[in-house]
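Student: Sharing a structure below in structure tokens format, with a few things to ask.
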Amino acid sequence: MPLFYQHNINQDTKLGIWFIEEPESFFLEKVPLKKDVSHPFKRRQHLAGRYLLSYLFPDFPIEEIRIADTRQPFLASQKYHFSISHCGNYAAAVVSTNSRVGVDLELITPRIERVAHKFLHEEEEHFFNEDYALFLEQWGLRGRVFQEFLTLVWSAKEAIFKWYGRGELDFKSHMKLEGSVNLDGDWIKLPFVFDKGRAVHLGIEGRIFEEQSLALAWVLT
């Protein structure tokens with residue numbers, strides 16, 4: 001069974017990553033297929049994400065999932081709060097009985113450096129291109145580690161976008177890394193400020209899976 005990773009965040013909240021290697025028929029035994037998902041690969045991603053919800057919480061009512069105007073999935077009953085992310089052959093999900101959540105999974109590639117200006121606040125850009133880059137160059141770590149951290153920040157902002165759930169967010173101005181980044185075992189703690197009329201301080205948890213070239217970030221409140 002290709003459950004790649006599971007993290008029980010607390011007694012009410014679980015997170016998991018599924019490595020997708022099963023045929024579509026495996027997931028269809030438990031997961032209903034949306035009619036508007038036509039591409040075979042996207043369909044397997046879709047099914048795997050929803051299968052993972054029921055793996056984490058066996059009584060999760062998959063058939064009750066609805067899609068908001070912002071394209072975010074939700075349960076009208078709010079029995080569970082959840083978030084799903086797909087990335088290549090992986091699907092990630094976080095599910096909670098009582099907390100708003102968001103999760104994002106991203107592949108780490110050199111392309112992140114070319115698109116960073118689209119999601120970094122000017123203060124974040126200065127940090128990455130000046131202070132952090134200089135530090136890494138001194139230790140000969142400019143390439144891969146730089147890309148990992150950039151991807152983790154992008155993933156964190158995607159997780160915040162899903163946590164917010166209402167769309168119409170500017171990744172550069174509405175969410176900003178602010179404060180010291182700390183390591184806690186395998187996890188990286190990223191302090192963010194989300195501000196769309198009222199500042200909300202969020203503690204994002206992130207992790208790098210180096211062998212799989214994956215960056216994972218999640219948030220709950």
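Residues are named by chain letter and number: chains run A, B, ... in the order of the structure tokens, numbers start at 1 in each chain, and ligands are numbered from 1 in the order shown.
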Write out, as a Markdown table, each residue of region 38-99 of chain A that has an atom at most 9 Å from region 215-221 of chain A, together with the closest pair of atoms and their distance in Å to one decimal, counting only C-alpha atoms, rows going by chain and rising number.
Tutor:
```
| residue | atom | partner | partner_atom | distance |
| --- | --- | --- | --- | --- |
| A:Ala92 | CA | A:Leu216 | CA | 8.6 |
| A:Val94 | CA | A:Trp218 | CA | 7.8 |
| A:Ser96 | CA | A:Leu220 | CA | 8.7 |
| A:Asn98 | CA | A:Thr221 | CA | 9.0 |
| A:Ser99 | CA | A:Thr221 | CA | 5.5 |
```
Student: So that I have them on file, write out the residues from the current selection with C-alpha atoms, as a tab-separated table (two decimals), in the first residue's frame.
Tutor:
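Resulting contents of again.tsv:
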```tsv
chain	number	residue	atom	x	y	z
A	92	ALA	CA	-1.50	15.06	-0.24
A	94	VAL	CA	-4.96	17.20	5.54
A	96	SER	CA	-9.46	18.01	10.72
A	98	ASN	CA	-12.46	21.19	14.18
A	99	SER	CA	-9.81	23.37	12.49
```
Student: Please list as number ranges by chain every residue within 9 Å of Tyr90 (chain A), counting only C-alpha atoms and excluding residues in the same chain fewer than 2 positions away.
Tutor: A: 4, 17-20, 45, 48-49, 85-88, 92, 105
Student: Looking only at the backbone, which of the residues in region 35-115 of chain A does DSSP tag as alpha helix (DSSP H), as a list in words?
Tutor: Pro40, Phe41, Lys42, Arg43, Arg44, Gln45, His46, Leu47, Ala48, Gly49, Arg50, Tyr51, Leu52, Leu53, Ser54, Tyr55, Leu56, Arg111, Ile112, Glu113, Arg114 and Val115 of chain A
Student: What's the 12 Å shell around Arg100 (chain A), counting only C-alpha atoms, without same-chain residues fewer than 5 positions away, as an MDAnalysis selection string?
Tutor: chainID A and resid 12:13 74 78:83 94:95 159:165 202 218:221
Student: Using DSSP assignments from the backbone, pull out every residue in region 104-180 of chain A that falls under strand (DSSP E) and give it to me as a ChimeraX atom specification.
Tutor: /A:104-107,175-177
Student: Please indicate the distance in Å from CA of His7 (chain A) to CA of Arg207 (chain A), rounded to one decimal place.
Tutor: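 We find that CA of His7 (chain A) and CA of Arg207 (chain A) lie 11.4 Å from each other.
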Student: Find the distance between CA of Leu56 (chain A) and CA of Lys14 (chain A) and write it in Å to one decimal.
Tutor: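 CA of Lys14 (chain A) lies at a distance of 6.5 Å from CA of Leu56 (chain A).
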Student: Looking at A:Met175, A:Ala156, A:Ala91, A:Leu53, which one is nearest to Val200 (chain A), with distances taken over only C-alpha atoms?
Tutor: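 Nearest candidate to Val200 (chain A) out of A:Met175, A:Ala156, A:Ala91, A:Leu53: A:Met175.
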Student: As number ranges by chain, please: the residues near Thr109 (chain A) (cut-off 12 Å, only C-alpha atoms, same-chain neighbours under 5 positions excluded).
Tutor: A: 114-116, 143-152, 210, 212-215
